[in-house]
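J.: Input file: my_file-v4.csv. Contents: CSV, C-alpha atoms and all ligand atoms.
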chain,number,residue,atom,x,y,z
M,1,MET,CA,-0.5,13.7,2.6
M,2,ASN,CA,-4.2,13.7,2.3
M,3,TYR,CA,-5.2,11.8,-0.8
M,4,ASN,CA,-8.5,10.7,-1.9
M,5,THR,CA,-7.3,7.1,-2.4
M,6,GLU,CA,-9.0,5.5,-5.4
M,7,ILE,CA,-9.4,1.7,-5.8
M,8,LEU,CA,-8.8,0.7,-9.4
M,9,SER,CA,-9.9,-2.5,-11.1
M,10,PRO,CA,-7.1,-3.9,-13.3
M,11,THR,CA,-8.5,-2.8,-16.7
M,12,ASP,CA,-6.1,-1.7,-19.4
M,13,GLU,CA,-7.3,1.9,-18.9
M,14,ASN,CA,-6.7,1.8,-15.1
M,15,ILE,CA,-3.3,0.2,-15.6
M,16,GLU,CA,-2.4,3.1,-17.8
M,17,LYS,CA,-3.7,5.4,-15.2
M,18,ALA,CA,-1.6,3.7,-12.5
M,19,GLY,CA,1.5,3.9,-14.8
M,20,ASN,CA,0.9,7.6,-15.3
M,21,LEU,CA,0.5,8.3,-11.6
M,22,ILE,CA,3.8,6.6,-11.0
M,23,LYS,CA,5.5,8.5,-13.9
M,24,SER,CA,4.3,11.7,-12.4
M,25,GLY,CA,5.9,10.9,-9.0
M,26,GLU,CA,3.0,9.5,-7.1
M,27,VAL,CA,2.8,6.3,-5.0
M,28,VAL,CA,0.4,3.5,-6.1
M,29,GLY,CA,-0.6,0.3,-4.2
M,30,ILE,CA,0.0,-2.7,-6.6
M,31,PRO,CA,-0.7,-6.4,-6.4
M,32,THR,CA,2.2,-8.9,-6.8
M,33,GLU,CA,2.2,-12.6,-6.3
M,34,THR,CA,3.8,-12.3,-2.8
M,35,VAL,CA,2.1,-9.3,-1.1
M,36,TYR,CA,0.8,-5.9,-2.2
M,37,GLY,CA,3.5,-3.3,-2.8
M,38,LEU,CA,3.7,0.5,-2.5
M,39,ALA,CA,5.2,1.4,-5.8
M,40,ALA,CA,7.0,4.6,-7.0
M,41,ASP,CA,9.6,5.4,-9.6
M,42,ALA,CA,12.8,3.9,-8.1
M,43,THR,CA,15.0,6.4,-9.9
M,44,ASP,CA,13.2,9.5,-8.5
M,45,PRO,CA,14.3,10.4,-5.0
M,46,ASP,CA,11.3,12.6,-4.3
M,47,ALA,CA,8.8,9.9,-5.3
M,48,VAL,CA,10.7,7.3,-3.3
M,49,SER,CA,10.6,9.6,-0.2
M,50,LYS,CA,6.8,9.6,-0.4
M,51,ILE,CA,6.8,5.8,0.1
M,52,PHE,CA,8.8,6.2,3.4
M,53,VAL,CA,6.3,8.9,4.5
M,54,ALA,CA,3.2,6.8,3.6
M,55,LYS,CA,4.6,3.8,5.4
M,56,GLY,CA,6.2,5.6,8.3
M,57,ARG,CA,9.3,3.5,7.5
M,58,PRO,CA,12.8,4.0,8.9
M,59,GLN,CA,15.0,5.6,6.2
M,60,ASP,CA,17.8,3.1,6.5
M,61,ASN,CA,15.6,0.2,5.4
M,62,PRO,CA,16.3,-0.3,1.6
M,63,LEU,CA,13.5,-0.9,-0.9
M,64,ILE,CA,13.3,-3.6,-3.6
M,65,VAL,CA,13.4,-2.5,-7.2
M,66,HIS,CA,10.9,-4.3,-9.5
M,67,ILE,CA,11.6,-4.9,-13.2
M,68,SER,CA,9.7,-6.5,-16.0
M,69,TYR,CA,12.5,-7.8,-18.2
M,70,LYS,CA,15.3,-10.1,-17.0
M,71,SER,CA,17.9,-8.1,-18.9
M,72,ASP,CA,17.0,-4.9,-17.0
M,73,ILE,CA,19.1,-6.3,-14.1
M,74,GLU,CA,22.1,-4.9,-16.0
M,75,LYS,CA,20.7,-1.4,-16.0
M,76,TYR,CA,20.6,-1.2,-12.2
M,77,ALA,CA,23.3,-3.6,-11.0
M,78,HIS,CA,27.0,-4.2,-11.8
M,79,ASP,CA,29.5,-7.0,-11.1
M,80,ILE,CA,26.7,-9.6,-11.4
M,81,PRO,CA,28.1,-13.1,-10.6
M,82,GLU,CA,27.4,-16.0,-13.0
M,83,ILE,CA,25.3,-17.7,-10.4
M,84,ALA,CA,22.8,-14.8,-10.3
M,85,TYR,CA,22.1,-15.3,-14.0
M,86,ARG,CA,21.4,-19.0,-13.5
M,87,ILE,CA,19.1,-18.2,-10.6
M,88,ALA,CA,17.3,-15.5,-12.6
M,89,ASP,CA,16.8,-18.0,-15.5
M,90,LYS,CA,15.3,-20.6,-13.1
M,91,PHE,CA,13.2,-18.4,-10.7
M,92,TRP,CA,12.3,-15.2,-12.6
M,93,PRO,CA,9.7,-14.0,-13.0
M,94,GLY,CA,8.9,-15.0,-9.4
M,95,PRO,CA,9.0,-14.4,-5.7
M,96,LEU,CA,12.8,-14.0,-5.4
M,97,THR,CA,14.9,-10.8,-4.8
M,98,MET,CA,18.7,-10.7,-5.5
M,99,VAL,CA,20.9,-8.2,-3.7
M,100,LEU,CA,23.6,-6.9,-6.0
M,101,PRO,CA,26.1,-4.0,-6.3
M,102,LYS,CA,24.0,-1.0,-7.5
M,103,LYS,CA,24.6,1.4,-10.3
M,104,ASP,CA,24.4,5.2,-9.7
M,105,ILE,CA,21.0,5.4,-11.4
M,106,ILE,CA,19.5,3.9,-8.2
M,107,PRO,CA,19.5,6.8,-5.7
M,108,GLU,CA,20.6,6.4,-2.1
M,109,VAL,CA,17.1,6.9,-0.7
M,110,THR,CA,16.0,3.7,-2.6
M,111,SER,CA,18.9,1.6,-1.4
M,112,GLY,CA,18.7,2.9,2.2
M,113,GLY,CA,22.2,4.4,1.8
M,114,LEU,CA,23.7,1.0,0.9
M,115,ASP,CA,25.9,0.4,-2.2
M,116,THR,CA,23.7,-2.6,-3.1
M,117,VAL,CA,20.2,-2.9,-4.5
M,118,GLY,CA,17.6,-5.7,-4.2
M,119,ILE,CA,16.1,-6.5,-7.6
M,120,ARG,CA,13.0,-8.6,-8.3
M,121,PHE,CA,11.0,-9.5,-11.5
M,122,PRO,CA,7.5,-10.3,-10.1
M,123,ALA,CA,5.4,-13.0,-11.7
M,124,ASN,CA,2.1,-11.3,-11.2
M,125,ALA,CA,0.7,-10.3,-14.7
M,126,ILE,CA,-0.9,-7.0,-13.4
M,127,ALA,CA,2.4,-6.0,-11.7
M,128,GLN,CA,4.3,-6.6,-14.9
M,129,LYS,CA,1.8,-4.5,-16.9
M,130,ILE,CA,2.0,-1.6,-14.4
M,131,ILE,CA,5.9,-1.7,-14.5
M,132,LYS,CA,5.8,-1.6,-18.3
M,133,SER,CA,3.2,1.1,-18.4
M,134,ALA,CA,5.2,3.3,-16.0
M,135,GLY,CA,8.3,2.7,-18.1
M,136,VAL,CA,10.5,3.0,-15.0
M,137,PRO,CA,11.7,0.5,-12.4
M,138,LEU,CA,9.4,0.4,-9.4
M,139,ALA,CA,10.7,0.7,-5.8
M,140,ALA,CA,8.1,-1.1,-3.8
M,141,PRO,CA,8.1,-2.2,-0.1
M,142,SER,CA,5.1,-4.2,1.3
M,143,ALA,CA,2.0,-2.0,1.4
M,144,ASN,CA,1.5,-2.0,5.1
M,145,LEU,CA,2.1,0.7,7.7
M,146,SER,CA,5.6,0.0,9.1
M,147,GLY,CA,5.5,-2.6,11.8
M,148,LYS,CA,2.1,-4.0,10.8
M,149,PRO,CA,1.4,-7.3,9.1
M,150,SER,CA,1.9,-7.2,5.3
M,151,THR,CA,-1.1,-6.8,3.0
M,152,THR,CA,-2.4,-9.6,0.8
M,153,THR,CA,-5.6,-8.0,-0.5
M,154,ALA,CA,-6.5,-4.5,-1.8
M,155,LYS,CA,-8.8,-4.1,1.3
M,156,HIS,CA,-5.8,-4.6,3.6
M,157,VAL,CA,-3.9,-1.9,1.7
M,158,TYR,CA,-6.9,0.4,1.9
M,159,ASP,CA,-7.2,-0.2,5.6
M,160,ASP,CA,-3.6,1.0,6.2
M,161,MET,CA,-3.1,3.5,3.3
M,162,ASN,CA,-6.5,5.3,2.8
M,163,GLY,CA,-5.6,9.0,2.5
M,164,ARG,CA,-1.9,8.3,2.3
M,165,ILE,CA,-1.5,7.3,-1.4
M,166,SER,CA,-3.1,8.2,-4.6
M,167,ALA,CA,-4.5,4.8,-5.7
M,168,ILE,CA,-4.6,1.1,-5.2
M,169,VAL,CA,-4.9,-1.4,-8.1
M,170,ASP,CA,-7.1,-4.3,-7.0
M,171,GLY,CA,-5.6,-7.6,-8.3
M,172,GLY,CA,-7.5,-9.9,-5.9
M,173,ALA,CA,-5.8,-12.0,-3.2
M,174,CYS,CA,-2.0,-12.7,-3.5
M,175,SER,CA,-1.2,-16.3,-4.5
M,176,VAL,CA,1.9,-16.7,-2.4
M,177,GLY,CA,1.1,-14.6,0.6
M,178,VAL,CA,4.5,-14.0,2.1
M,179,GLU,CA,7.2,-11.7,0.8
M,180,SER,CA,9.9,-12.7,-1.7
M,181,THR,CA,13.0,-14.7,-0.7
M,182,VAL,CA,15.8,-12.2,-0.5
M,183,ILE,CA,19.3,-13.5,-1.3
M,184,SER,CA,22.8,-12.1,-1.7
M,185,PHE,CA,26.0,-13.7,-3.0
M,186,SER,CA,29.4,-14.4,-1.6
M,187,GLY,CA,31.4,-15.6,-4.6
M,188,GLU,CA,29.3,-18.5,-5.9
M,189,ASP,CA,27.6,-19.1,-2.6
M,190,VAL,CA,24.0,-18.0,-2.1
M,191,ILE,CA,23.0,-16.4,1.2
M,192,ILE,CA,19.3,-16.3,2.2
M,193,LEU,CA,18.7,-13.0,4.0
M,194,ARG,CA,14.9,-13.5,4.2
M,195,PRO,CA,13.2,-16.9,3.5
M,196,GLY,CA,10.2,-17.0,1.1
M,197,PHE,CA,8.4,-19.2,-1.3
M,198,VAL,CA,11.6,-20.0,-3.2
M,199,SER,CA,13.2,-22.3,-0.5
M,200,LYS,CA,16.8,-23.3,0.3
M,201,GLU,CA,16.0,-26.7,-1.3
M,202,ASP,CA,14.9,-24.9,-4.5
M,203,LEU,CA,18.0,-22.8,-4.7
M,204,LEU,CA,20.2,-25.9,-4.2
M,205,SER,CA,19.0,-27.1,-7.6
M,206,VAL,CA,21.1,-24.3,-9.1
M,207,ALA,CA,23.7,-23.4,-6.5
M,208,ASP,CA,26.2,-25.7,-4.8
M,209,ASN,CA,26.1,-23.9,-1.5
M,210,VAL,CA,23.2,-22.1,0.1
M,211,ILE,CA,23.6,-20.5,3.5
M,212,ILE,CA,20.8,-19.3,5.8
M,213,ASP,CA,21.9,-16.0,7.4
M,214,LYS,CA,21.8,-16.0,11.2
M,215,GLY,CA,19.3,-13.1,11.2
M,216,VAL,CA,16.6,-15.3,9.7
M,217,LEU,CA,15.9,-17.2,12.9
M,218,SER,CA,17.4,-15.1,15.7
M,219,GLU,CA,16.8,-11.7,17.1
M,220,MET,CA,19.0,-8.8,16.1
M,221,SER,CA,19.4,-5.7,18.2
M,222,GLU,CA,18.3,-2.3,16.9
M,223,ASP,CA,21.9,-1.1,16.5
M,224,ALA,CA,23.2,-4.3,15.0
M,225,VAL,CA,25.0,-4.2,11.6
M,226,VAL,CA,23.0,-6.7,9.7
M,227,ALA,CA,23.1,-8.0,6.1
M,228,SER,CA,19.5,-7.0,5.6
M,229,PRO,CA,18.3,-4.0,7.6
M,230,GLY,CA,14.7,-5.2,7.5
M,231,MET,CA,15.6,-8.1,9.9
M,232,LYS,CA,16.2,-5.9,12.9
M,233,TYR,CA,12.9,-4.1,13.1
M,234,LYS,CA,9.8,-5.2,14.9
M,235,HIS,CA,7.6,-6.6,12.2
M,236,TYR,CA,4.3,-8.1,11.2
M,237,SER,CA,2.8,-7.2,14.5
M,238,PRO,CA,-0.8,-7.0,15.3
M,239,LYS,CA,-1.9,-5.2,18.5
M,240,ALA,CA,-2.5,-8.6,20.1
M,241,ASN,CA,0.3,-10.3,22.0
M,242,VAL,CA,1.3,-13.2,19.7
M,243,ILE,CA,3.0,-16.2,21.2
M,244,ILE,CA,4.1,-19.3,19.3
M,245,VAL,CA,3.5,-22.6,20.9
M,246,GLU,CA,5.6,-25.6,19.7
M,247,GLY,CA,4.4,-29.1,20.4
M,248,GLU,CA,1.8,-31.7,19.4
M,249,TYR,CA,-1.9,-30.9,19.1
M,250,ASP,CA,-2.9,-32.6,22.4
M,251,LYS,CA,-0.3,-30.7,24.4
M,252,PHE,CA,-1.3,-27.5,22.7
M,253,LEU,CA,-5.0,-28.1,23.7
M,254,SER,CA,-4.2,-28.7,27.4
M,255,PHE,CA,-1.8,-25.7,27.4
M,256,PHE,CA,-4.5,-23.5,26.0
M,257,GLU,CA,-7.1,-24.8,28.5
M,258,LYS,CA,-4.9,-23.7,31.3
M,259,ASN,CA,-4.2,-20.3,29.8
M,260,TYR,CA,-7.6,-19.4,28.3
M,261,SER,CA,-9.5,-16.3,29.5
M,262,GLU,CA,-11.5,-13.5,27.8
M,263,GLY,CA,-9.8,-12.1,24.7
M,264,VAL,CA,-7.4,-15.1,24.3
M,265,TYR,CA,-7.5,-16.9,20.9
M,266,ALA,CA,-5.9,-19.9,19.4
M,267,MET,CA,-4.5,-19.8,15.9
M,268,ILE,CA,-4.6,-23.4,14.8
M,269,PHE,CA,-4.2,-25.4,11.6
M,270,GLY,CA,-7.1,-25.6,9.1
M,271,ASN,CA,-7.8,-29.3,9.8
M,272,GLU,CA,-8.1,-28.8,13.5
M,273,THR,CA,-11.0,-26.4,13.8
M,274,THR,CA,-13.9,-28.8,14.2
M,275,GLU,CA,-12.5,-30.3,17.3
M,276,PHE,CA,-11.1,-27.2,19.0
M,277,PRO,CA,-13.5,-26.1,21.8
M,278,TYR,CA,-12.2,-22.6,22.5
M,279,PRO,CA,-12.2,-19.3,20.5
M,280,HIS,CA,-9.9,-19.7,17.5
M,281,PHE,CA,-9.2,-19.0,13.9
M,282,SER,CA,-7.2,-21.2,11.6
M,283,TYR,CA,-4.4,-20.5,9.1
M,284,GLY,CA,-4.2,-23.4,6.7
M,285,LYS,CA,-3.2,-27.0,6.8
M,286,THR,CA,-0.2,-27.1,4.6
M,287,ASP,CA,2.8,-24.7,4.7
M,288,SER,CA,1.8,-23.0,1.4
M,289,GLU,CA,-1.8,-22.5,2.6
M,290,GLN,CA,-0.4,-21.1,5.9
M,291,ALA,CA,1.7,-18.6,3.8
M,292,ILE,CA,-1.3,-17.5,1.9
M,293,GLU,CA,-3.4,-16.9,5.0
M,294,LEU,CA,-0.9,-15.7,7.6
M,295,PHE,CA,-1.1,-12.0,7.2
M,296,ASP,CA,-4.9,-12.0,6.8
M,297,LYS,CA,-5.3,-13.9,10.1
M,298,LEU,CA,-2.8,-11.7,12.0
M,299,ARG,CA,-4.9,-8.7,10.8
M,300,MET,CA,-8.1,-10.6,11.8
M,301,ALA,CA,-6.7,-10.9,15.3
M,302,ASP,CA,-6.9,-7.0,15.5
M,303,ASP,CA,-10.4,-6.9,14.0
M,304,MET,CA,-11.5,-9.3,16.8
M,305,ASN,CA,-9.7,-7.2,19.5
M,306,ALA,CA,-7.7,-10.2,20.5
M,307,LYS,CA,-5.5,-9.6,23.6
M,308,THR,CA,-3.4,-12.7,23.2
M,309,VAL,CA,-3.1,-15.2,20.4
M,310,TYR,CA,-1.4,-18.6,20.9
M,311,VAL,CA,-0.2,-19.9,17.5
M,312,ARG,CA,0.4,-23.5,16.5
M,313,CYS,CA,4.0,-23.6,15.3
M,314,PRO,CA,4.4,-24.2,11.6
M,315,SER,CA,7.0,-26.6,10.1
M,316,LYS,CA,10.3,-25.0,9.4
M,317,ASP,CA,10.9,-26.7,6.1
M,318,GLY,CA,10.2,-25.3,2.6
M,319,VAL,CA,7.9,-22.2,2.7
M,320,GLY,CA,7.2,-23.2,6.3
M,321,LEU,CA,10.5,-21.5,7.2
M,322,ALA,CA,9.2,-18.2,5.7
M,323,VAL,CA,6.0,-18.5,7.7
M,324,TYR,CA,8.0,-19.2,10.9
M,325,ASN,CA,10.3,-16.3,10.2
M,326,ARG,CA,7.4,-13.9,10.0
M,327,LEU,CA,5.7,-15.4,13.0
M,328,ILE,CA,8.6,-15.2,15.3
M,329,ARG,CA,8.9,-11.5,14.5
M,330,ALA,CA,5.1,-11.0,15.0
M,331,ALA,CA,5.7,-12.7,18.4
M,332,GLY,CA,8.7,-10.6,19.3
M,333,PHE,CA,10.6,-13.9,19.4
M,334,GLU,CA,8.4,-15.4,22.1
M,335,VAL,CA,8.2,-19.2,21.6
M,336,ILE,CA,6.9,-21.6,24.2
M,337,LYS,CA,8.2,-25.2,23.8
M,338,LEU,CA,5.8,-27.8,25.3
I,1,LIG,O1,7.7,-9.8,-2.0
I,1,LIG,C1,8.3,-8.8,-1.8
I,1,LIG,O2,9.5,-8.7,-1.7
I,1,LIG,C2,7.5,-7.5,-1.5
I,1,LIG,C3,6.8,-7.2,-2.9
I,1,LIG,C4,6.0,-5.9,-2.8
I,1,LIG,O3,7.7,-7.3,-3.9
I,1,LIG,N1,8.3,-6.4,-1.1
I,1,LIG,C5,8.8,-6.4,0.2
I,1,LIG,O4,9.5,-5.2,0.4
I,1,LIG,O5,8.7,-7.2,1.0
I,1,LIG,P1,10.0,-4.8,1.9
I,1,LIG,O6,10.5,-3.4,1.7
I,1,LIG,O7,8.8,-4.9,2.8
I,1,LIG,O8,11.1,-5.8,2.3
I,1,LIG,C6,12.3,-5.7,1.7
I,1,LIG,C7,13.3,-6.5,2.5
I,1,LIG,C8,13.7,-5.8,3.7
I,1,LIG,O9,13.9,-6.7,4.7
I,1,LIG,C9,15.0,-5.1,3.3
I,1,LIG,O10,15.9,-4.9,4.4
I,1,LIG,C10,15.6,-6.1,2.3
I,1,LIG,O11,14.5,-6.7,1.6
I,1,LIG,N2,16.5,-5.5,1.3
I,1,LIG,C11,16.1,-4.7,0.3
I,1,LIG,N3,17.2,-4.2,-0.3
I,1,LIG,C12,18.3,-4.7,0.3
I,1,LIG,C13,19.7,-4.6,0.1
I,1,LIG,N4,20.2,-3.8,-0.8
I,1,LIG,N5,20.5,-5.3,1.0
I,1,LIG,C14,20.0,-6.1,1.9
I,1,LIG,N6,18.7,-6.2,2.1
I,1,LIG,C15,17.8,-5.5,1.4
I,2,MG,MG,7.7,-5.3,4.6
Can you turn what I pasted into structure tokens?
T.:
Amino acid sequence: MNYNTEILSPTDENIEKAGNLIKSGEVVGIPTETVYGLAADATDPDAVSKIFVAKGRPQDNPLIVHISYKSDIEKYAHDIPEIAYRIADKFWPGPLTMVLPKKDIIPEVTSGGLDTVGIRFPANAIAQKIIKSAGVPLAAPSANLSGKPSTTTAKHVYDDMNGRISAIVDGGACSVGVESTVISFSGEDVIILRPGFVSKEDLLSVADNVIIDKGVLSEMSEDAVVASPGMKYKHYSPKANVIIVEGEYDKFLSFFEKNYSEGVYAMIFGNETTEFPYPHFSYGKTDSEQAIELFDKLRMADDMNAKTVYVRCPSKDGVGLAVYNRLIRAAGFEVIKL
């Protein structure tokens, strides 16, 4: 593992190059609308193993398989419930992953030893072209070192993956900013295993019953048997100690005043920066802006050598729930209620 990692602009020629690298068993960083992914041929166990090495990822954490035609779902999954087709019609291509019983063509290393597979049809046009060019389904986890915040620009990917993968296709900044909503099914019920841009409210427009798995908001122990293995690992963590602070702006300000010292930063909302008199950075005013900026700002905390970051708590509705879900993991579940 000592690659001369190339950054490729998304020209037709470079997309073909990326497709060829993937076909030949290599790992390539690719843009999607959610976050950048580390893509390899999902049907090739050796290629998929390289992803785990590049990321330093635990082997029992399954990868999402990315497709570029809705009908491909039937190549990789079986016993697909009716509701899954209705959801695919409404939300694909888009930031949504469906966990379904897997066919044998998906090797165990891709599914983390599970008999299910997570499938997603991304909306990003460059991602779609790369999948088509490779001619194989792409296994792709988020393109960060395991445990670190996810990557939403090619530069973030380069910072984590330089020397570890063959190339990165630069598609600019991701438009959603947090990873896809991951769902599974129980009969006709939909279970949200990981919240994302497609919210519970969105899913209720197609499904009668949508349940949020308990792992979304609470801490799971390392040896717990969980519906989605990714939920039990420490995640999205900058080196700084991240602490979420719940409460009104005025209370936050006086709390910060009492706790401020060298190396302590506030992460506040985008409309609050002019008034805030202490070292700070901001992460957007609305929940969708917060989703777009979250990982960049967590990474920025490390660039600034922050020791502690007190974060204004986002709303827990809509995509805000996805932002909160990532933040409580970055914070090791440390939330202060004022
Ligand atoms: O937006 C995304 O989903 C991005 C982009 C690159 O597509 N990918 C991504 O992959 O976030 P990753 O590997 O970082 O997160 C995948 C999550 C993990 O929490 C994993 O446990 C869960 O999805 N997952 C994958 N396959 C699963 C399965 N068969 N059963 C349950 N959970 C699964
Ligand atoms: Mg990830």
J.: For a quick check of understanding, using only C-alpha atoms, which of M:Ala240, M:Ala125, M:Ala167, M:Ile183 has the smallest distance to Asn20 in chain M?
T.: M:Ala167
J.: Could you produce a table of the residues of chain M lying within 8 Å of ligand LIG 1 (chain I), with the nearest pair of atoms per residue and their separation in Å rounded to one decimal, using all atoms listed in the file, ordered by chain and increasing residue number, as a tab-separated table?
T.:
residue	atom	partner	partner_atom	distance
M:Ile30	CA	I:LIG1	C4	7.8
M:Pro31	CA	I:LIG1	C4	7.6
M:Thr32	CA	I:LIG1	C3	6.3
M:Glu33	CA	I:LIG1	O1	7.5
M:Thr34	CA	I:LIG1	O1	4.7
M:Val35	CA	I:LIG1	C4	5.4
M:Tyr36	CA	I:LIG1	C4	5.2
M:Gly37	CA	I:LIG1	C4	3.6
M:Leu38	CA	I:LIG1	C4	6.8
M:Ala39	CA	I:LIG1	C4	7.9
M:Asn61	CA	I:LIG1	O10	5.2
M:Pro62	CA	I:LIG1	N3	4.4
M:Leu63	CA	I:LIG1	O6	4.7
M:Ile64	CA	I:LIG1	C11	4.9
M:His66	CA	I:LIG1	O3	7.1
M:Pro95	CA	I:LIG1	O1	6.0
M:Leu96	CA	I:LIG1	O2	7.3
M:Thr97	CA	I:LIG1	O2	6.6
M:Val99	CA	I:LIG1	N4	5.3
M:Leu100	CA	I:LIG1	N4	6.9
M:Ser111	CA	I:LIG1	N4	5.6
M:Gly112	CA	I:LIG1	N4	7.5
M:Leu114	CA	I:LIG1	N4	6.2
M:Asp115	CA	I:LIG1	N4	7.2
M:Thr116	CA	I:LIG1	N4	4.4
M:Val117	CA	I:LIG1	N4	3.8
M:Gly118	CA	I:LIG1	N3	4.2
M:Ile119	CA	I:LIG1	N3	7.7
M:Arg120	CA	I:LIG1	O3	7.0
M:Pro122	CA	I:LIG1	O3	6.9
M:Ala140	CA	I:LIG1	C4	5.3
M:Pro141	CA	I:LIG1	O6	3.2
M:Ser142	CA	I:LIG1	O7	4.1
M:Ala143	CA	I:LIG1	C4	7.0
M:Ser150	CA	I:LIG1	O7	7.7
M:Val178	CA	I:LIG1	O1	6.7
M:Glu179	CA	I:LIG1	O1	3.4
M:Ser180	CA	I:LIG1	O1	3.7
M:Thr181	CA	I:LIG1	O2	7.0
M:Val182	CA	I:LIG1	O11	6.0
M:Ser184	CA	I:LIG1	C14	7.5
M:Leu193	CA	I:LIG1	N6	7.1
M:Arg194	CA	I:LIG1	O9	6.9
M:Ala227	CA	I:LIG1	C14	5.6
M:Ser228	CA	I:LIG1	N6	3.7
M:Pro229	CA	I:LIG1	O10	4.1
M:Gly230	CA	I:LIG1	O9	3.3
M:Met231	CA	I:LIG1	O9	5.6
J.: When you count all atoms listed in the file, which of these residues is closest to ligand MG 2 (chain I): M:Lys214, M:His235, M:Lys316, M:His156?
T.: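 Checking each of M:Lys214, M:His235, M:Lys316, M:His156 against ligand MG 2 (chain I), counting all atoms listed in the file, the winner is M:His235.
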J.: Find, counting all atoms listed in the file, the residue in M:Ala322, M:Lys239, M:Asp60, M:Met161 that gets nearest to Ile192 in chain M.
T.: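 Closest candidate: M:Ala322.
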J.: Could you check which of M:Ser24, M:Asn271, M:Thr43, M:Asn144 is closest to ligand MG 2 (chain I), using all atoms listed in the file?
T.: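 When distances to ligand MG 2 (chain I) are compared using all atoms listed in the file, the smallest one comes from M:Asn144.
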